Each structure stands twice: as structure tokens, then as C-alpha cells.
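Next up, coords18.cif (mmCIF, C-alpha atoms):
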data_entry
#
loop_
_atom_site.label_atom_id
_atom_site.label_comp_id
_atom_site.auth_asym_id
_atom_site.auth_seq_id
_atom_site.Cartn_x
_atom_site.Cartn_y
_atom_site.Cartn_z
CA MET G 1 -37.62 20.12 -7.49
CA GLY G 2 -36.01 23.55 -7.95
CA GLN G 3 -32.47 24.12 -9.21
CA ASP G 4 -31.33 25.49 -5.86
CA VAL G 5 -32.63 22.40 -4.04
CA ARG G 6 -30.85 20.11 -6.49
CA LEU G 7 -27.63 22.09 -6.24
CA ARG G 8 -27.72 21.75 -2.47
CA ALA G 9 -28.37 18.00 -2.88
CA VAL G 10 -25.30 17.66 -5.11
CA VAL G 11 -23.16 19.54 -2.59
CA ALA G 12 -24.50 17.37 0.26
CA LEU G 13 -23.70 14.21 -1.70
CA ALA G 14 -20.14 15.35 -2.41
CA GLN G 15 -19.59 16.42 1.20
CA GLY G 16 -20.98 13.16 2.55
CA MET G 17 -18.57 11.10 0.44
CA ALA G 18 -15.64 13.36 1.30
CA ALA G 19 -16.35 12.98 5.02
CA ALA G 20 -16.38 9.17 4.86
CA HIS G 21 -13.33 7.49 6.38
CA THR G 22 -13.72 4.04 4.83
CA PRO G 23 -14.79 2.61 1.46
CA ARG G 24 -17.99 1.32 3.07
CA GLY G 25 -18.70 4.73 4.48
CA SER G 26 -18.17 6.24 1.05
CA TRP G 27 -20.50 3.71 -0.60
CA ARG G 28 -23.21 4.36 1.95
CA ALA G 29 -22.84 8.13 1.61
CA ALA G 30 -23.13 7.85 -2.18
CA ALA G 31 -26.32 5.79 -2.05
CA GLN G 32 -27.86 7.85 0.75
CA GLY G 33 -27.03 11.15 -0.93
CA ALA G 34 -28.53 10.01 -4.24
CA ARG G 35 -31.66 8.69 -2.52
CA ARG G 36 -32.27 12.01 -0.82
CA ALA G 37 -31.42 14.05 -3.91
CA LEU G 38 -33.96 12.12 -6.01
CA ASP G 39 -36.54 11.83 -3.23
CA GLY G 40 -36.40 8.04 -3.40
CA SER G 41 -37.37 5.49 -0.77
CA PHE G 42 -34.46 3.16 -1.60
CA ALA G 43 -31.05 3.39 -3.24
CA ALA G 44 -28.19 1.04 -4.03
CA LEU G 45 -24.62 1.37 -5.24
CA SER G 46 -23.24 -1.55 -7.26
CA VAL G 47 -19.98 -2.36 -9.03
CA TRP G 48 -19.43 -4.26 -12.28
CA GLU G 49 -17.00 -7.11 -11.69
CA ARG G 50 -15.75 -7.83 -15.20
CA GLU G 51 -13.56 -10.76 -14.19
CA ARG G 52 -16.58 -12.52 -12.68
CA GLY G 53 -19.15 -11.28 -15.14
CA ARG G 54 -21.48 -9.94 -12.50
CA LEU G 55 -23.01 -6.84 -10.92
CA ARG G 56 -22.26 -6.87 -7.17
CA VAL G 57 -24.22 -4.70 -4.73
CA LEU G 58 -21.98 -2.75 -2.35
CA ALA G 59 -24.57 -0.87 -0.31
CA ASN G 60 -28.34 -0.66 0.11
CA VAL G 61 -29.98 2.24 1.97
CA GLY G 62 -33.49 3.43 2.77
CA GLU G 63 -36.50 1.12 2.98
CA LEU G 64 -35.04 -2.35 2.54
CA ALA G 65 -37.14 -5.21 1.19
CA ALA G 66 -37.02 -8.76 2.57
CA GLY G 67 -33.58 -10.26 2.06
CA GLU G 68 -31.83 -6.93 1.44
CA GLU G 69 -28.96 -5.87 3.71
CA GLU G 70 -27.14 -2.57 4.09
CA PHE G 71 -23.79 -4.11 3.17
CA PRO G 72 -24.65 -7.44 1.53
CA GLU G 73 -21.97 -10.09 1.32
CA GLY G 74 -23.40 -12.11 -1.54
CA GLU G 75 -25.91 -9.98 -3.47
CA ALA G 76 -24.74 -10.19 -7.07
CA TYR G 77 -26.37 -10.63 -10.46
CA PRO G 78 -24.95 -12.25 -13.63
CA VAL G 79 -24.19 -9.83 -16.45
CA HIS G 80 -26.35 -11.81 -18.89
CA GLN G 81 -29.40 -10.74 -16.90
CA PHE G 82 -28.70 -7.11 -17.85
CA PRO G 83 -28.16 -6.75 -21.63
CA GLU G 84 -27.52 -3.00 -21.22
CA ILE G 85 -24.21 -3.82 -19.58
CA THR G 86 -22.83 -4.86 -22.96
CA GLU G 87 -23.19 -1.29 -24.15
CA PHE G 88 -21.92 0.33 -20.96
CA LEU G 89 -18.81 -1.82 -20.86
CA HIS G 90 -17.96 -0.92 -24.45
CA GLU G 91 -14.61 0.79 -24.91
CA ARG G 92 -16.23 3.77 -26.61
CA TRP G 93 -16.67 5.30 -23.16
CA ALA G 94 -12.89 5.52 -22.91
CA GLY G 95 -13.02 8.10 -25.70
CA GLY G 96 -15.16 10.53 -23.72
CA GLY G 97 -18.80 11.07 -22.92
CA GLU G 98 -20.92 9.22 -20.41
CA PRO G 99 -23.95 6.94 -20.66
CA HIS G 100 -27.23 8.54 -19.62
CA ALA G 101 -29.45 7.32 -16.81
CA TRP G 102 -32.82 5.84 -17.62
CA VAL G 103 -36.11 5.09 -15.91
CA GLU G 104 -37.95 1.78 -15.40
CA THR G 105 -41.41 1.23 -13.92
CA ALA G 106 -43.14 -1.82 -12.51
CA ARG G 107 -45.42 -1.69 -15.59
CA GLY G 108 -42.55 -1.72 -18.06
CA PRO G 109 -40.32 0.91 -19.74
CA GLY G 110 -40.94 4.41 -18.39
CA ASP G 111 -39.90 7.73 -19.81
CA GLY G 112 -36.47 7.19 -21.28
CA GLY G 113 -36.81 3.42 -20.81
CA ARG G 114 -35.05 1.04 -23.17
CA ALA G 115 -37.27 -1.65 -24.67
CA GLY G 116 -35.78 -5.10 -24.21
CA TYR G 117 -33.51 -3.98 -21.38
CA CYS G 118 -36.11 -3.82 -18.63
CA HIS G 119 -37.14 -7.40 -17.90
CA GLN G 120 -34.97 -8.09 -14.82
CA ARG G 121 -35.39 -4.54 -13.54
CA VAL G 122 -39.17 -4.73 -13.86
CA ALA G 123 -39.32 -8.14 -12.20
CA ALA G 124 -37.20 -6.85 -9.31
CA LEU G 125 -39.44 -3.80 -8.85
CA ARG G 126 -42.54 -5.97 -8.68
CA ARG G 127 -40.95 -8.53 -6.39
CA ARG G 128 -39.88 -5.86 -3.91
CA GLY G 129 -43.03 -3.78 -4.02
CA ARG G 130 -41.51 -0.74 -5.73
CA GLY G 131 -43.15 1.36 -8.39
CA CYS G 132 -40.25 2.79 -10.38
CA CYS G 133 -36.50 3.27 -10.45
CA VAL G 134 -33.85 5.32 -12.15
CA VAL G 135 -30.55 3.66 -13.09
CA ALA G 136 -27.42 5.77 -13.62
CA PRO G 137 -24.21 4.13 -14.90
CA ILE G 138 -21.03 5.28 -13.13
CA VAL G 139 -17.99 5.89 -15.35
CA LEU G 140 -14.55 6.00 -13.73
CA ARG G 141 -11.32 6.63 -15.65
CA GLY G 142 -13.10 6.21 -18.96
CA ARG G 143 -14.65 2.86 -18.15
CA ALA G 144 -17.98 1.77 -16.69
CA TRP G 145 -17.38 1.18 -12.96
CA GLY G 146 -20.88 0.31 -11.80
CA GLU G 147 -24.26 1.89 -11.28
CA LEU G 148 -26.36 4.04 -9.01
CA TYR G 149 -29.94 2.82 -8.51
CA VAL G 150 -32.72 4.82 -6.84
CA ALA G 151 -36.32 3.60 -6.43
CA ARG G 152 -39.67 4.93 -5.28
CA PRO G 153 -42.59 2.97 -3.81
CA VAL G 154 -45.81 2.09 -5.61
CA GLY G 155 -48.08 5.14 -5.68
CA ALA G 156 -45.27 7.71 -5.57
CA PRO G 157 -44.64 9.99 -8.59
CA VAL G 158 -42.81 8.14 -11.36
CA PHE G 159 -39.33 9.36 -12.25
CA ASP G 160 -39.24 11.39 -15.47
CA ARG G 161 -36.61 12.40 -18.01
CA THR G 162 -35.54 15.36 -15.87
CA ASP G 163 -34.93 13.02 -12.95
CA ALA G 164 -32.89 10.74 -15.21
CA ASP G 165 -30.75 13.68 -16.33
CA PHE G 166 -30.22 14.68 -12.70
CA ALA G 167 -29.29 11.08 -11.84
CA THR G 168 -26.61 11.23 -14.56
CA VAL G 169 -25.14 14.29 -12.82
CA LEU G 170 -25.27 12.53 -9.44
CA ALA G 171 -23.48 9.51 -10.91
CA ALA G 172 -20.66 11.78 -12.08
CA VAL G 173 -20.35 13.23 -8.57
CA VAL G 174 -20.30 9.72 -7.13
CA ALA G 175 -17.58 8.72 -9.60
CA ALA G 176 -15.42 11.62 -8.42
CA GLY G 177 -16.00 10.60 -4.80
CA ILE G 178 -15.10 6.98 -5.50
CA ALA G 179 -11.90 8.05 -7.26
CA GLN G 180 -10.95 10.14 -4.22
CA THR G 181 -11.72 7.24 -1.86
CA GLU G 182 -9.56 4.88 -3.93
CA ARG G 183 -6.68 7.36 -3.90
CA LEU G 184 -6.92 7.72 -0.13
CA GLU G 185 -7.07 3.93 0.33
CA GLU G 186 -3.98 3.52 -1.84
CA ALA G 187 -2.19 6.21 0.16
CA ARG G 188 -3.14 4.45 3.40
CA ARG G 189 -2.00 1.13 2.00
CA LEU G 190 1.37 2.55 1.00
CA ALA G 191 1.75 4.30 4.36
CA PHE G 192 1.23 1.04 6.26
CA THR G 193 2.93 -1.44 3.89
CA ASP G 194 6.54 -2.55 3.56
CA SER G 195 7.49 -2.03 -0.08
CA LEU G 196 9.84 -5.04 -0.34
CA THR G 197 7.76 -7.81 1.24
CA GLY G 198 4.22 -6.44 0.94
CA LEU G 199 3.71 -7.07 4.66
CA ALA G 200 2.57 -4.45 7.13
CA ASN G 201 5.27 -2.01 8.28
CA ARG G 202 6.31 -0.69 11.71
CA ARG G 203 3.74 2.10 11.59
CA ALA G 204 0.93 -0.40 11.04
CA VAL G 205 2.18 -2.53 13.94
CA ASP G 206 2.35 0.46 16.28
CA VAL G 207 -1.24 1.46 15.48
CA ARG G 208 -2.63 -2.08 15.77
CA LEU G 209 -0.65 -2.87 18.91
CA ASP G 210 -1.83 0.29 20.68
CA GLU G 211 -5.44 -0.68 19.88
CA ALA G 212 -4.84 -4.27 20.99
CA VAL G 213 -3.39 -3.27 24.35
CA GLU G 214 -6.37 -1.00 24.97
CA ARG G 215 -8.65 -3.98 24.30
CA HIS G 216 -6.56 -6.09 26.65
CA ARG G 217 -6.91 -3.53 29.41
CA ALA G 218 -10.65 -3.08 28.82
CA GLU G 219 -11.74 -6.64 27.98
CA GLY G 220 -8.86 -8.90 28.99
CA VAL G 221 -8.27 -10.10 25.42
CA VAL G 222 -4.96 -11.95 25.00
CA VAL G 223 -2.39 -9.99 23.01
CA SER G 224 0.79 -11.72 21.83
CA LEU G 225 3.80 -10.43 19.95
CA VAL G 226 6.37 -12.57 18.13
CA VAL G 227 9.55 -10.67 17.20
CA CYS G 228 11.94 -12.30 14.72
CA ASP G 229 15.42 -11.52 13.47
CA VAL G 230 16.56 -13.27 10.28
CA ASN G 231 19.95 -14.87 10.91
CA GLY G 232 22.70 -14.67 8.32
CA LEU G 233 21.36 -11.79 6.23
CA LYS G 234 24.65 -9.87 6.37
CA GLN G 235 26.60 -12.90 5.20
CA VAL G 236 24.17 -13.43 2.32
CA ASN G 237 24.48 -9.77 1.32
CA ASP G 238 28.30 -9.88 1.53
CA ARG G 239 28.73 -13.15 -0.34
CA LEU G 240 25.87 -13.14 -2.83
CA GLY G 241 24.79 -9.51 -3.09
CA HIS G 242 21.90 -7.44 -1.82
CA ALA G 243 19.50 -8.69 -4.49
CA VAL G 244 19.85 -12.19 -3.06
CA GLY G 245 19.53 -10.75 0.46
CA ASP G 246 16.28 -9.12 -0.57
CA ARG G 247 15.11 -12.49 -1.87
CA LEU G 248 15.79 -13.99 1.55
CA LEU G 249 13.72 -11.25 3.19
CA GLU G 250 10.89 -11.77 0.71
CA ARG G 251 10.89 -15.53 1.28
CA PHE G 252 10.88 -15.17 5.02
CA GLY G 253 8.09 -12.59 4.72
CA SER G 254 6.01 -15.11 2.76
CA LEU G 255 6.76 -17.76 5.38
CA LEU G 256 5.76 -15.40 8.21
CA SER G 257 2.51 -14.60 6.42
CA LEU G 258 1.82 -18.31 5.90
CA CYS G 259 2.40 -19.16 9.55
CA GLY G 260 0.48 -16.09 10.67
CA ALA G 261 -2.56 -17.39 8.79
CA MET G 262 -2.75 -20.13 11.46
CA LEU G 263 -3.76 -17.42 13.93
CA PRO G 264 -7.08 -15.74 13.03
CA GLY G 265 -6.65 -12.02 12.48
CA ALA G 266 -2.87 -12.00 13.05
CA LEU G 267 -0.83 -9.18 11.53
CA ALA G 268 2.46 -10.13 9.85
CA ALA G 269 4.91 -7.24 9.51
CA ARG G 270 8.46 -6.24 8.67
CA LEU G 271 9.79 -3.82 11.25
CA GLY G 272 12.82 -2.88 9.17
CA GLY G 273 16.09 -4.45 8.04
CA ASP G 274 16.09 -8.11 9.06
CA GLU G 275 13.47 -7.70 11.82
CA PHE G 276 9.93 -9.00 11.50
CA CYS G 277 7.02 -9.54 13.86
CA LEU G 278 3.69 -11.28 14.19
CA LEU G 279 0.93 -9.63 16.23
CA SER G 280 -1.86 -11.89 17.48
CA ILE G 281 -5.03 -10.68 19.18
CA GLY G 282 -7.30 -13.28 20.75
CA PRO G 283 -5.62 -16.70 20.40
CA SER G 284 -4.03 -18.16 23.53
CA SER G 285 -0.33 -17.81 24.23
CA ASP G 286 0.10 -21.56 23.71
CA GLU G 287 -1.35 -21.29 20.21
CA VAL G 288 0.99 -18.43 19.42
CA VAL G 289 4.03 -20.33 20.71
CA ARG G 290 3.09 -23.33 18.59
CA VAL G 291 2.99 -21.12 15.51
CA ALA G 292 6.31 -19.53 16.49
CA ASP G 293 7.79 -23.05 16.81
CA GLU G 294 6.59 -23.88 13.30
CA LEU G 295 7.99 -20.59 12.01
CA CYS G 296 11.43 -21.33 13.47
CA LEU G 297 11.46 -24.81 11.96
CA ARG G 298 10.46 -23.64 8.51
CA ALA G 299 12.83 -20.67 8.59
CA TYR G 300 15.73 -22.99 9.37
CA GLU G 301 14.86 -24.99 6.26
CA LEU G 302 14.94 -22.01 3.90
CA GLU G 303 17.54 -22.33 1.19
CA LEU G 304 19.10 -19.01 2.20
CA GLY G 305 20.11 -17.66 5.61
CA GLU G 306 20.62 -19.44 8.91
CA GLY G 307 17.14 -19.62 10.36
CA VAL G 308 15.61 -17.04 12.66
CA ALA G 309 15.96 -15.83 16.25
CA CYS G 310 12.48 -15.59 17.72
CA GLY G 311 11.12 -14.05 20.91
CA VAL G 312 7.54 -14.17 22.17
CA ALA G 313 5.73 -12.03 24.73
CA SER G 314 2.07 -12.61 25.55
CA THR G 315 -0.37 -11.18 28.06
CA GLY G 316 -1.49 -14.79 28.49
CA ASP G 317 1.81 -15.60 30.26
CA PRO G 318 3.06 -14.42 33.69
CA ILE G 319 4.82 -11.27 32.52
CA GLY G 320 3.10 -8.83 34.86
CA PRO G 321 0.63 -6.08 33.96
CA VAL G 322 0.81 -4.81 30.39
CA ARG G 323 -0.42 -1.24 30.37
CA SER G 324 1.34 -0.10 27.22
CA ALA G 325 2.29 -1.43 23.82
CA ARG G 326 5.85 -0.38 24.53
CA ARG G 327 6.16 -2.82 27.44
CA LEU G 328 4.96 -5.81 25.41
CA PHE G 329 7.30 -4.85 22.58
CA ARG G 330 10.27 -4.58 24.92
CA LEU G 331 9.57 -7.99 26.44
CA ALA G 332 9.29 -9.66 23.03
CA ASP G 333 12.38 -7.87 21.78
CA ALA G 334 14.38 -8.89 24.87
CA ALA G 335 13.28 -12.50 24.39
CA GLN G 336 14.39 -12.34 20.78
CA TYR G 337 17.84 -11.05 21.82
CA ARG G 338 18.15 -13.95 24.25
CA ALA G 339 17.24 -16.37 21.47
CA LYS G 340 19.83 -14.82 19.19
CA GLY G 341 22.56 -14.87 21.81
CA ALA G 342 21.85 -18.51 22.63
CA ARG G 343 21.53 -19.47 18.96
CA ALA G 344 18.20 -21.01 19.97
CA LEU G 345 16.41 -23.15 17.43
CA LYS G 346 13.09 -22.52 19.17
CA PRO G 347 11.41 -19.31 20.30
CA VAL G 348 12.29 -17.85 23.70
CA VAL G 349 9.07 -17.01 25.55
CA ALA G 350 9.02 -14.16 28.06
CA GLY G 351 7.72 -15.14 31.50
CA ARG G 352 7.99 -18.90 31.07
CA GLU G 353 10.22 -21.04 33.22
CA GLY G 354 13.61 -21.41 31.61
CA ALA G 355 13.10 -18.48 29.25
CA ASP G 356 16.31 -16.86 30.49
CA ASP G 357 18.34 -20.04 30.08
CA PRO G 358 20.11 -20.86 26.82
CA VAL G 359 18.98 -24.46 27.24
CA VAL G 360 15.76 -23.36 25.55
CA ARG G 361 17.71 -24.43 22.52
CA LEU G 362 16.94 -27.93 21.42
CA ALA G 363 18.38 -29.95 24.30
CA ASP G 364 20.94 -31.61 22.11
CA GLU G 365 21.61 -30.00 18.76
CA ALA G 366 23.39 -33.18 17.76
CA ALA G 367 20.08 -35.00 18.10
CA THR G 368 18.52 -32.65 15.55
CA PRO G 369 19.08 -33.66 11.91
CA ALA G 370 21.18 -31.21 9.94
CA ARG G 371 19.21 -28.85 7.74
CA GLY G 372 20.15 -30.67 4.55
CA GLU G 373 19.27 -34.04 6.06
CA ARG G 374 15.85 -32.75 7.17
CA ARG G 375 15.20 -31.44 3.68
CA ARG G 376 16.04 -34.82 2.17
CA PHE G 377 13.82 -36.57 4.71
CA ARG G 378 10.89 -34.21 4.13
CA GLY G 379 11.31 -34.54 0.39
CA ARG G 380 10.90 -38.35 0.38
#
Represent the supplied structure as C-alpha cells.
Amino acid sequence: MGQDVRLRAVVALAQGMAAAHTPRGSWRAAAQGARRALDGSFAALSVWERERGRLRVLANVGELAAGEEEFPEGEAYPVHQFPEITEFLHERWAGGGEPHAWVETARGPGDGGRAGYCHQRVAALRRRGRGCCVVAPIVLRGRAWGELYVARPVGAPVFDRTDADFATVLAAVVAAGIAQTERLEEARRLAFTDSLTGLANRRAVDVRLDEAVERHRAEGVVVSLVVCDVNGLKQVNDRLGHAVGDRLLERFGSLLSLCGAMLPGALAARLGGDEFCLLSIGPSSDEVVRVADELCLRAYELELGEGVACGVASTGDPIGPVRSARRLFRLADAAQYRAKGARALKPVVAGREGADDPVVRLADEAATPARGERRRFRGR
């Protein structure tokens, strides 16, 4: 393969990773670009998981063997099966330099092969009907991140030392692409995350809600929104300080996340200040109201604050056509204001009989044990 061809292959690999919009897309582009650059029939990108002591496959591309998947969920191999990992994980890579790629064949060590390091690689080649492979460690921020693996079928030309050197270059390009992908993912995470609670923020809710309403209009999927306002935050801030107020917000955020886990795929978010919301896509309105009930009960039992005012709006209730995210948000917000004005201990649900009546409060607050009494009861 000429230098010009290889240079174009490197550029194509870099461009493919840069054009990817997701980590999976980036992984696939890395493996596919390396496979084409090395004229392989198969390629894989894998990551070393130090905490679990294993090599986990992220993406497989090309001619897949039986049992291989493009994005496998459980394809991983214990580190002890690959003695070379011990060297590649060594801290000496933090001081500069990079490990070189090497070649294995189905017959045993190929050009540049490492005696004693090939047993699992060779067995895998034979088991999957491949003739040879080149393995290139990927170094990111001075540490071994994973590996790039490219194989050819039985009967195809065996990789040589020049191919291994080129694979080392490709691994460096992949490392740069992975670093860029991780930076972009971190930027996206920060852009859609509330810094205090770690929940999603208003921007994330707006994006997800717009998508959900489109699904509702196209497929009839039920979309529900629970809007909450933490009661008593100002008093906590005034009496105990803003640090304690922040603790209240963090605790309620954890509670919202816990309750949201009862609804598959729900998004828990802080809208700003003392306002939070839970966005549910799919579960019935009754399921959402039950979770909102539980949220109100648990919020009332928090050590700080005075519970939560909660409003619910769901396309599964008689609220009229919902053609925009804005309409569903306004309905949930209006229900929350009614709950706050009525000092309701349960959620107010838009469109349900009695939703406009303050009697949605527990019928007789005197019949409800005081917060401290409930705590003592639950603690027995």
C-alpha cells in the first residue's frame, strides 16, 4: 500500500470519528476506518477496564463470526488471559512513548509477534476462521486505554511489520478521536446537567419534552409531566443559611430521582431555584400519579422544608389535544400553583374531576399524623 493511500486512510479515519455524534458512532468509525486502512475483513475496538480487570469490546465491524455483535453488551475477556496487558498498563507509558502494535497468525507468532503472549489470540483466530490479526494498543493521557484489533481471513496476505507500524499510527489517531469524543460528551453533560443536584436541567427537559410530544402526536405515546415546588426553601435559607438550603435542594433532588426510577425512562430535573420536574414517556397517567403521591409523602417527611407542591399533566387524562410541549408544561405548572395555593398534601392533576378544588388536599388534615409522628411510626 503506497504512502499516499495510507495518508488518505488516516485522514478518512480522523474525519469519520470527527463526524460521529455519539460515543458509539465514534467507536464504530474508529474500527471501520482502521479495518479499511489495513485492508482487513474484521476490526474491533476494545477498552481496558482496570477496575474490573477485563478487556471489554465496544464495537465489532466487518465480517462478524458467530456470536459477534456490532455493539456487544457482554463481550469481555479477563486480563489474565492476555499477559501483554501487564506491560501495557505499566506506568512507564505515562512518561512518554507508546507501545508498538504486533502481529499474530493462526499458526502462532507472526512477524513482530511476542512469544508467550499469543495463546488466546491464536485460539480466537482459529475459532473464528481468521488467518491473522494486528493488535495496536491505544494510549490516552499517558495511560493504556484499550486496543485496536484488525484481522484478515485465512488465505489473505499476512500482516507484516510495516502493517504493524501503520497500525500504531492508526491507534494514535484513534486515541485523539476518543479524547475529542470524551470532551464533547463532557461538554454535553455539563450543558444539560444542574450543577447543584446532578439532575438534568431545564434545557435537557425542553429537548426531551419536545421529542416526547412529537412521539405523542405521531404514535399516541402517553407523555406526563410532574412539576414540583419545594415548600419552605426561603425560610430555610433565612433561618439556617443558603448552605442548608442547598442541602434541602440536594436531598429533594435525590428523592425525585429515587421516585422517578419507579417510572422506566423517566427524566428527573431541576428547572431552577426551588422548582423541579419529572418527565415520563410511556407509563400510564395513573402510574405517574401514584409516583407523584409517593413523592409528596416522602418530601413531607424530609428533615428540612415543608414538603412539596406538586402538579401533574398527562396526555393520558382529559386535558384536550396536546400539540406542543409548551401546552403540557403550562397545564402542569398551573396544577402545581393550585396545589401550592391550597397547601395540598397530594398532587393536583390537570383534567381530573376535582382538580380545581382545594379539597384535593387530604380530606381532613387532622386525620393525617403530624410529620414527626409519622417519622416515629415509620421508624418502629
TODO: Please evaluate the PyMOL selection byres ((chain G and resi 6) around 12) against the displayed coordinates and give the resulting residues as a VMD selection string.
DONE: chain G and resid 1 to 5 7 to 13 33 to 34 36 to 39 162 to 163 165 to 167 169 to 170
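Closest approach to Ala18 in chain G from the set G:Gly155, G:Gly177, G:Pro321, G:Gly311 is made by G:Gly177, with distances taken over all atoms listed in the file.
Taking CA of Leu140 in chain G as the reference point, CA of His21 in chain G is found at 20.2 Å.
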Task: Asp293 in chain G environment, 9 Å, only C-alpha atoms, sequence neighbours closer than 5 positions dropped, as an MDAnalysis selection string - done: chainID G and resid 288 298 310 345:347
Task: Residue with smallest distance to Gln180 in chain G - pool G:Ala19, G:Ala124, G:Cys259, G:Val79, counting all atoms listed in the file - done: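 Closest residue, counting all atoms listed in the file: G:Ala19.
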Task: Counting only C-alpha atoms, the residue of G:Tyr77, G:Val61, G:Arg56, G:Val154 that sits nearest Gln120 in chain G - done: G:Tyr77
Task: Hits from the PyMOL selection byres ((chain G and resi 309) around 6), listed as a ChimeraX atom specification - done: /G:228-229,308,310,336,339-340
Task: Residues returned when the PyMOL selection byres ((chain G and resi 194) around 12) runs on this file, as a ChimeraX atom specification - done: /G:188-193,195-205,249-250,253,268-273,275-276
Task: CA of Pro99 in chain G to CA of Val47 in chain G, distance in Å rounded to a single decimal - done: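 Distance reported for this atom pair: 15.4 Å.
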Task: Of the listed residues G:Arg143, G:Lys234, G:Arg128, G:His216, that which approaches Ala175 in chain G most closely, counting all atoms listed in the file - done: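 So, comparing all the options, the nearest one is G:Arg143.
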- [ ] State, in Å with one decimal place, the distance from CA of Asn231 in chain G to CA of Glu301 in chain G.
- [x]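 About the pair CA of Asn231 in chain G and CA of Glu301 in chain G: they are 12.2 Å apart.
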Open item on the list: Counting only C-alpha atoms, which residues sit no farther than 10 Å from the position (-45.2, -2.6, -14.8) in the file's frame? I'd like them as an NGL selection string.
Closed with: :G and (104-110 or 118-119 or 122-123 or 125-126 or 130-132)
Open item on the list: Using only C-alpha atoms, can you tell me which of G:Ala20, G:Leu278, G:Val221, G:Ala30 comes closest to Ala172 in chain G?
Closed with: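 Under the stated criterion, the closest residue is G:Ala30.
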- [ ] Give as a PyMOL selection string each residue that has an atom at most 7 Å from (-7.5, -13.6, 20.8) in the file, counting all atoms listed in the file.
- [x] chain G and resi 221-223+280-284
Task: Among the residues G:Leu64, G:Val226, G:Ala76, G:Ala342, the one that comes closest to Ala313 in chain G [using only C-alpha atoms] - done: G:Val226
